[in-house]
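Enquirer: I am sharing target_18.cif, which consists of mmCIF, C-alpha atoms:
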data_query
#
loop_
_atom_site.label_atom_id
_atom_site.label_comp_id
_atom_site.auth_asym_id
_atom_site.auth_seq_id
_atom_site.Cartn_x
_atom_site.Cartn_y
_atom_site.Cartn_z
CA MET A 943 -74.56 104.30 -109.06
CA ARG A 944 -72.36 107.11 -110.39
CA CYS A 945 -72.16 107.69 -114.13
CA ALA A 946 -70.00 110.11 -116.10
CA ILE A 947 -71.88 111.58 -119.07
CA LEU A 948 -69.89 112.70 -122.12
CA ALA A 949 -70.96 114.02 -125.51
CA ASP A 950 -69.43 115.40 -128.69
CA ILE A 951 -65.81 114.34 -128.25
CA HIS A 952 -65.20 114.95 -131.96
CA GLY A 953 -61.79 113.38 -132.25
CA ASN A 954 -60.28 115.66 -129.60
CA LEU A 955 -58.17 113.22 -127.63
CA THR A 956 -56.48 115.98 -125.63
CA ALA A 957 -59.83 117.16 -124.27
CA LEU A 958 -61.05 113.60 -123.68
CA LYS A 959 -57.99 112.70 -121.62
CA ALA A 960 -58.36 115.87 -119.56
CA VAL A 961 -62.00 115.03 -118.87
CA LEU A 962 -61.15 111.45 -117.88
CA ASP A 963 -58.46 112.74 -115.52
CA ASP A 964 -60.98 115.11 -113.96
CA ILE A 965 -63.54 112.32 -113.59
CA GLY A 966 -60.92 110.41 -111.60
CA LYS A 967 -60.53 113.37 -109.28
CA GLN A 968 -64.29 113.42 -108.61
CA GLY A 969 -64.30 109.83 -107.34
CA LYS A 970 -65.01 106.44 -108.83
CA VAL A 971 -67.73 106.15 -111.45
CA ASP A 972 -69.47 102.89 -112.28
CA GLU A 973 -70.05 103.62 -115.95
CA ILE A 974 -69.24 106.13 -118.65
CA TRP A 975 -72.08 107.09 -120.99
CA CYS A 976 -71.21 108.72 -124.30
CA LEU A 977 -73.92 110.53 -126.25
CA GLY A 978 -72.38 110.30 -129.70
CA ASP A 979 -70.14 112.20 -132.12
CA ILE A 980 -66.99 110.47 -131.02
CA VAL A 981 -65.36 111.48 -134.32
CA GLY A 982 -65.45 114.40 -136.74
CA TYR A 983 -63.63 117.76 -136.62
CA GLY A 984 -60.66 116.60 -134.52
CA ALA A 985 -57.33 115.02 -135.42
CA GLU A 986 -57.43 111.79 -133.36
CA PRO A 987 -60.65 109.89 -134.11
CA CYS A 988 -59.10 106.41 -133.91
CA GLU A 989 -57.46 107.14 -130.58
CA CYS A 990 -60.74 108.40 -129.11
CA ILE A 991 -62.55 105.26 -130.23
CA SER A 992 -59.80 103.06 -128.79
CA LEU A 993 -59.91 104.80 -125.42
CA LEU A 994 -63.70 104.53 -125.13
CA LYS A 995 -63.49 100.84 -126.01
CA LYS A 996 -60.87 100.27 -123.30
CA LEU A 997 -63.16 101.97 -120.79
CA ASN A 998 -66.12 99.86 -121.93
CA ALA A 999 -68.13 103.06 -122.32
CA VAL A 1000 -71.83 102.84 -123.19
CA CYS A 1001 -72.12 104.81 -126.43
CA VAL A 1002 -74.79 105.82 -128.92
CA ALA A 1003 -74.24 106.97 -132.49
CA GLY A 1004 -74.00 110.61 -133.48
CA ASN A 1005 -74.49 112.07 -136.93
CA HIS A 1006 -70.73 112.53 -137.41
CA ASP A 1007 -70.08 108.92 -136.40
CA VAL A 1008 -72.53 107.75 -139.05
CA GLY A 1009 -71.30 110.26 -141.62
CA ALA A 1010 -67.70 109.11 -141.20
CA ILE A 1011 -68.61 105.58 -142.28
CA GLY A 1012 -70.71 106.62 -145.25
CA LYS A 1013 -74.15 105.92 -143.81
CA ILE A 1014 -75.18 109.57 -144.21
CA ASP A 1015 -74.40 111.50 -147.38
CA LEU A 1016 -71.96 114.32 -146.60
CA VAL A 1017 -74.23 116.75 -148.45
CA TYR A 1018 -76.16 116.93 -145.16
CA PHE A 1019 -73.14 118.47 -143.40
CA ASN A 1020 -71.75 121.98 -143.78
CA PRO A 1021 -68.63 122.15 -146.00
CA LEU A 1022 -66.14 122.33 -143.13
CA ALA A 1023 -67.71 119.38 -141.32
CA ALA A 1024 -67.83 117.41 -144.58
CA GLU A 1025 -64.14 118.08 -145.24
CA ALA A 1026 -63.23 116.89 -141.75
CA LEU A 1027 -65.38 113.78 -142.18
CA GLU A 1028 -63.72 112.92 -145.49
CA TRP A 1029 -60.35 113.11 -143.74
CA THR A 1030 -61.69 111.06 -140.80
CA ALA A 1031 -63.03 108.35 -143.10
CA GLU A 1032 -59.56 107.86 -144.58
CA LYS A 1033 -58.04 107.39 -141.12
CA LEU A 1034 -60.50 104.92 -139.61
CA THR A 1035 -59.37 101.31 -139.39
CA PRO A 1036 -61.73 98.45 -140.32
CA MET A 1037 -62.23 97.81 -136.59
CA ASP A 1038 -63.08 101.49 -136.04
CA VAL A 1039 -65.64 101.33 -138.85
CA TYR A 1040 -67.16 98.19 -137.37
CA TYR A 1041 -67.37 99.82 -133.94
CA LEU A 1042 -69.15 102.88 -135.32
CA GLN A 1043 -71.48 100.72 -137.42
CA GLU A 1044 -72.58 98.82 -134.34
CA LEU A 1045 -73.42 101.87 -132.23
CA PRO A 1046 -77.17 102.00 -131.49
CA LYS A 1047 -79.17 105.17 -132.08
CA THR A 1048 -80.54 105.08 -128.52
CA VAL A 1049 -79.84 103.16 -125.33
CA GLN A 1050 -82.06 102.78 -122.27
CA LYS A 1051 -80.19 102.80 -118.95
CA ASP A 1052 -82.52 102.51 -115.97
CA GLU A 1053 -84.49 105.81 -115.85
CA PHE A 1054 -82.41 107.39 -118.63
CA LEU A 1055 -82.79 107.30 -122.39
CA LEU A 1056 -79.50 108.09 -124.13
CA ALA A 1057 -79.59 109.75 -127.55
CA HIS A 1058 -77.39 112.06 -129.55
CA GLY A 1059 -79.85 114.53 -131.04
CA SER A 1060 -83.32 113.94 -129.63
CA PRO A 1061 -85.69 111.09 -128.76
CA SER A 1062 -87.73 111.72 -131.91
CA SER A 1063 -84.73 112.09 -134.25
CA PRO A 1064 -81.68 110.60 -132.54
CA LEU A 1065 -79.14 111.60 -135.17
CA PHE A 1066 -80.29 114.98 -136.42
CA GLU A 1067 -82.59 117.07 -134.24
CA TYR A 1068 -81.28 119.78 -131.92
CA VAL A 1069 -83.15 120.22 -128.64
CA ILE A 1070 -82.49 123.93 -128.25
CA SER A 1071 -85.74 125.42 -126.96
CA THR A 1072 -88.66 124.69 -124.66
CA GLY A 1073 -90.73 124.14 -127.81
CA SER A 1074 -88.50 121.41 -129.19
CA ALA A 1075 -88.18 119.91 -125.72
CA GLU A 1076 -91.95 119.88 -125.21
CA ARG A 1077 -92.49 117.96 -128.43
CA ASN A 1078 -89.80 115.43 -127.57
CA PHE A 1079 -91.19 114.56 -124.15
CA GLY A 1080 -93.81 112.62 -126.09
CA PHE A 1081 -91.16 110.41 -127.70
CA PHE A 1082 -89.71 108.69 -124.64
CA HIS A 1083 -91.29 106.98 -121.66
CA SER A 1084 -88.55 107.00 -119.05
CA ARG A 1085 -88.23 109.79 -116.51
CA TYR A 1086 -85.09 111.32 -118.01
CA CYS A 1087 -83.41 111.70 -121.38
CA LEU A 1088 -79.78 112.65 -122.04
CA VAL A 1089 -78.82 114.30 -125.34
CA GLY A 1090 -75.87 116.07 -126.94
CA HIS A 1091 -75.52 117.48 -130.47
CA THR A 1092 -75.91 121.20 -129.61
CA HIS A 1093 -72.53 121.41 -127.82
CA VAL A 1094 -74.21 123.61 -125.19
CA PRO A 1095 -75.17 122.48 -121.65
CA ALA A 1096 -78.93 122.68 -121.08
CA ALA A 1097 -81.73 121.21 -119.02
CA PHE A 1098 -85.46 121.12 -119.72
CA ARG A 1099 -87.98 120.14 -117.06
CA GLN A 1100 -91.59 119.06 -117.63
CA GLU A 1101 -93.82 120.32 -114.82
CA SER A 1102 -97.48 119.54 -115.44
CA LYS A 1103 -98.13 121.28 -118.76
CA LYS A 1104 -95.28 123.75 -118.40
CA ILE A 1105 -91.76 123.28 -119.78
CA SER A 1106 -88.98 125.22 -118.08
CA SER A 1107 -85.35 125.48 -119.12
CA THR A 1108 -82.06 126.28 -117.45
CA GLN A 1109 -78.38 126.21 -118.34
CA PRO A 1110 -76.51 123.98 -115.90
CA ALA A 1111 -73.49 125.56 -114.25
CA PRO A 1112 -70.54 123.97 -112.44
CA SER A 1113 -71.36 125.94 -109.31
CA ARG A 1114 -74.68 124.20 -108.75
CA GLY A 1115 -76.14 120.77 -109.37
CA ILE A 1116 -79.57 119.78 -110.64
CA LEU A 1117 -81.77 117.65 -108.43
CA LEU A 1118 -83.52 115.03 -110.52
CA GLY A 1119 -86.90 114.57 -108.90
CA GLU A 1120 -90.26 113.26 -110.05
CA GLU A 1121 -90.51 115.65 -112.98
CA ARG A 1122 -89.33 114.40 -116.35
CA MET A 1123 -86.21 116.06 -117.75
CA ILE A 1124 -84.06 116.34 -120.87
CA ILE A 1125 -80.43 117.14 -120.02
CA ASN A 1126 -77.47 118.04 -122.22
CA PRO A 1127 -73.97 117.89 -120.63
CA GLY A 1128 -72.34 120.06 -123.31
CA ALA A 1129 -69.36 119.04 -125.43
CA VAL A 1130 -66.08 117.44 -124.45
CA GLY A 1131 -64.21 118.20 -127.65
CA GLN A 1132 -65.86 121.26 -129.14
CA PRO A 1133 -67.86 123.48 -126.75
CA ARG A 1134 -70.01 126.15 -128.40
CA ASP A 1135 -71.30 128.19 -125.49
CA GLY A 1136 -68.46 130.69 -125.51
CA ASP A 1137 -66.45 128.72 -122.96
CA PRO A 1138 -63.59 126.71 -124.52
CA ARG A 1139 -63.26 124.40 -121.52
CA ALA A 1140 -64.36 120.81 -122.00
CA SER A 1141 -67.78 120.04 -120.54
CA TYR A 1142 -69.24 116.86 -119.04
CA GLY A 1143 -71.59 115.71 -116.30
CA ILE A 1144 -71.81 113.18 -113.49
CA PHE A 1145 -75.05 111.64 -112.25
CA ASP A 1146 -75.06 110.18 -108.75
CA SER A 1147 -78.09 108.08 -107.84
CA LYS A 1148 -77.21 108.34 -104.14
CA ASP A 1149 -78.47 111.93 -103.99
CA ASN A 1150 -80.17 111.91 -107.43
CA PHE A 1151 -78.05 114.85 -108.56
CA PHE A 1152 -76.64 115.76 -111.96
CA ARG A 1153 -73.53 117.91 -111.71
CA LEU A 1154 -71.84 119.73 -114.57
CA PHE A 1155 -68.06 120.07 -114.74
CA ARG A 1156 -65.84 122.29 -116.91
CA VAL A 1157 -62.25 121.27 -117.50
CA GLU A 1158 -59.28 123.28 -118.72
CA TYR A 1159 -57.23 121.40 -121.30
CA ASP A 1160 -54.32 122.17 -123.61
CA VAL A 1161 -56.25 123.72 -126.49
CA ARG A 1162 -53.04 124.66 -128.29
CA THR A 1163 -51.93 121.02 -128.43
CA ALA A 1164 -55.28 119.98 -129.91
CA GLN A 1165 -55.01 122.81 -132.45
CA ASP A 1166 -51.44 121.87 -133.40
CA LYS A 1167 -52.49 118.28 -134.05
CA MET A 1168 -55.30 119.48 -136.32
CA ALA A 1169 -52.95 121.81 -138.19
CA GLN A 1170 -50.39 119.04 -138.70
CA VAL A 1171 -52.91 116.88 -140.55
CA GLY A 1172 -54.32 119.76 -142.59
CA LEU A 1173 -57.78 120.16 -141.10
CA PRO A 1174 -59.57 123.46 -141.88
CA ILE A 1175 -58.24 126.53 -140.09
CA GLN A 1176 -61.78 127.60 -139.14
CA LEU A 1177 -62.22 124.39 -137.15
CA ILE A 1178 -58.84 124.89 -135.51
CA MET A 1179 -59.56 128.45 -134.42
CA ARG A 1180 -62.99 127.78 -132.98
CA LEU A 1181 -61.54 125.53 -130.28
CA GLU A 1182 -60.01 128.51 -128.50
CA GLN A 1183 -63.20 130.53 -128.93
CA GLY A 1184 -65.61 127.92 -127.62
CA LYS A 1185 -67.98 128.71 -130.53
#
Would you write out, as structure tokens, the structure that this file holds?
Expert:
Amino acid sequence: MRCAILADIHGNLTALKAVLDDIGKQGKVDEIWCLGDIVGYGAEPCECISLLKKLNAVCVAGNHDVGAIGKIDLVYFNPLAAEALEWTAEKLTPMDVYYLQELPKTVQKDEFLLAHGSPSSPLFEYVISTGSAERNFGFFHSRYCLVGHTHVPAAFRQESKKISSTQPAPSRGILLGEERMIINPGAVGQPRDGDPRASYGIFDSKDNFFRLFRVEYDVRTAQDKMAQVGLPIQLIMRLEQGK
């Protein structure tokens, strides 16, 4: 089985299409797994939802997905994110709202638990350190967990009582062995590791490898779309900075 793993699309249809094109170049995948935050920040939330539905992607809810439909008070978001979510909420169709309402907080797929933030707090917690990873290994029972939310690729491995971390790179894959792991594929629509290229991963059960991919996309087009609908300039500029 080959699965493409996406996270944090954030209404950036331009980046999503570029990633899907790149996935096609890597060979057929059996499923697409999306780790939440389909909407928020970007100018085309409805179009991103529609495309994922057409692809029958397996998706979990992110905090922005839930915030956009009023299930989280916007006071829990920074002012720029809240402004973008208010705009997003006005654009969503009833069918979009229903789709986001029905997204589960976690999904179990074979040896993988899918969550947006963390196993212990699927909507909110950032797994950003070996300490936070160590605590979260106690909250899932499968061998592997996939998370997003930080917008930064990362991998944490549990080896006996030691937790090690690494930042996945496109030049090398990660062999998924007997040790338990938490893996973050980075962000499709809003990377924050200093690299503006869209980020995603592919897992191939044939060799049990996770591979990270970075994809150039037309950042200017995504920025122009955001500017045309009046989204905050700070959100527009950060796309080209990857921060």
Enquirer: Distance atom CA of A:Val1049-atom CA of A:Arg944, one decimal place?
Expert: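 Pair atom CA of A:Val1049 / atom CA of A:Arg944 returns 17.2 Å.
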Enquirer: Determine the nearest neighbour of A:Ala1129 from the options A:Pro1112, A:Leu1056, A:His1091, A:Asp1160, counting only C-alpha atoms.
Expert: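 Counting only C-alpha atoms, the residue closest to A:Ala1129 is A:His1091.
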Enquirer: If you take all atoms listed in the file and a cut-off of 8 Å, which residues of stretch 1038-1146 of chain A touch stretch 971-995 of chain A, and what are their nearest atom pairs and distances in Å to one decimal, in chain and number order, as JSON lines?
Expert:
{"residue": "A:Asp1038", "atom": "CA", "partner": "A:Cys988", "partner_atom": "CA", "distance": 6.7}
{"residue": "A:Leu1056", "atom": "CA", "partner": "A:Leu977", "partner_atom": "CA", "distance": 6.4}
{"residue": "A:Ala1057", "atom": "CA", "partner": "A:Leu977", "partner_atom": "CA", "distance": 5.9}
{"residue": "A:His1058", "atom": "CA", "partner": "A:Leu977", "partner_atom": "CA", "distance": 5.0}
{"residue": "A:Leu1088", "atom": "CA", "partner": "A:Leu977", "partner_atom": "CA", "distance": 7.5}
{"residue": "A:Val1089", "atom": "CA", "partner": "A:Leu977", "partner_atom": "CA", "distance": 6.2}
{"residue": "A:Gly1090", "atom": "CA", "partner": "A:Leu977", "partner_atom": "CA", "distance": 5.9}
{"residue": "A:His1091", "atom": "CA", "partner": "A:Asp979", "partner_atom": "CA", "distance": 7.7}
{"residue": "A:Gly1131", "atom": "CA", "partner": "A:Gly984", "partner_atom": "CA", "distance": 7.9}
Enquirer: Do a neighbour search on A:Thr1072 at 7 Å with only C-alpha atoms, toss out local chain neighbours closer than 2 positions, and write the hits as JSON, numbers by chain.
Expert: {"A": [1074, 1075, 1076, 1098, 1105, 1106, 1107]}
Enquirer: Go ahead and write the selection's residues with C-alpha atoms as a CSV table (one decimal), in the coordinates of the input.
Expert:
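As written to disk, again_6.csv reads:
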chain,number,residue,atom,x,y,z
A,1074,SER,CA,-88.5,121.4,-129.2
A,1075,ALA,CA,-88.2,119.9,-125.7
A,1076,GLU,CA,-92.0,119.9,-125.2
A,1098,PHE,CA,-85.5,121.1,-119.7
A,1105,ILE,CA,-91.8,123.3,-119.8
A,1106,SER,CA,-89.0,125.2,-118.1
A,1107,SER,CA,-85.4,125.5,-119.1
Enquirer: What lies within 10 Å of A:Lys1148 using all atoms listed in the file, ignoring chain neighbours under 3 positions off, as an mmCIF file with C-alpha atoms, keeping the file's coordinate frame?
Expert:
data_model
loop_
_atom_site.group_PDB
_atom_site.id
_atom_site.type_symbol
_atom_site.label_atom_id
_atom_site.label_comp_id
_atom_site.auth_asym_id
_atom_site.auth_seq_id
_atom_site.Cartn_x
_atom_site.Cartn_y
_atom_site.Cartn_z
ATOM 1 C CA MET A 943 -74.560 104.300 -109.060
ATOM 2 C CA ARG A 944 -72.360 107.110 -110.390
ATOM 3 C CA PHE A 1145 -75.050 111.640 -112.250
ATOM 4 C CA PHE A 1151 -78.050 114.850 -108.560
#
Enquirer: Which residue gives the smallest distance to A:Leu1065 among A:Leu955, A:Ile1116, A:Leu1154, A:Leu1045, with all atoms listed in the file counted?
Expert: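 Comparing A:Leu955, A:Ile1116, A:Leu1154, A:Leu1045 against A:Leu1065, the winner is A:Leu1045.
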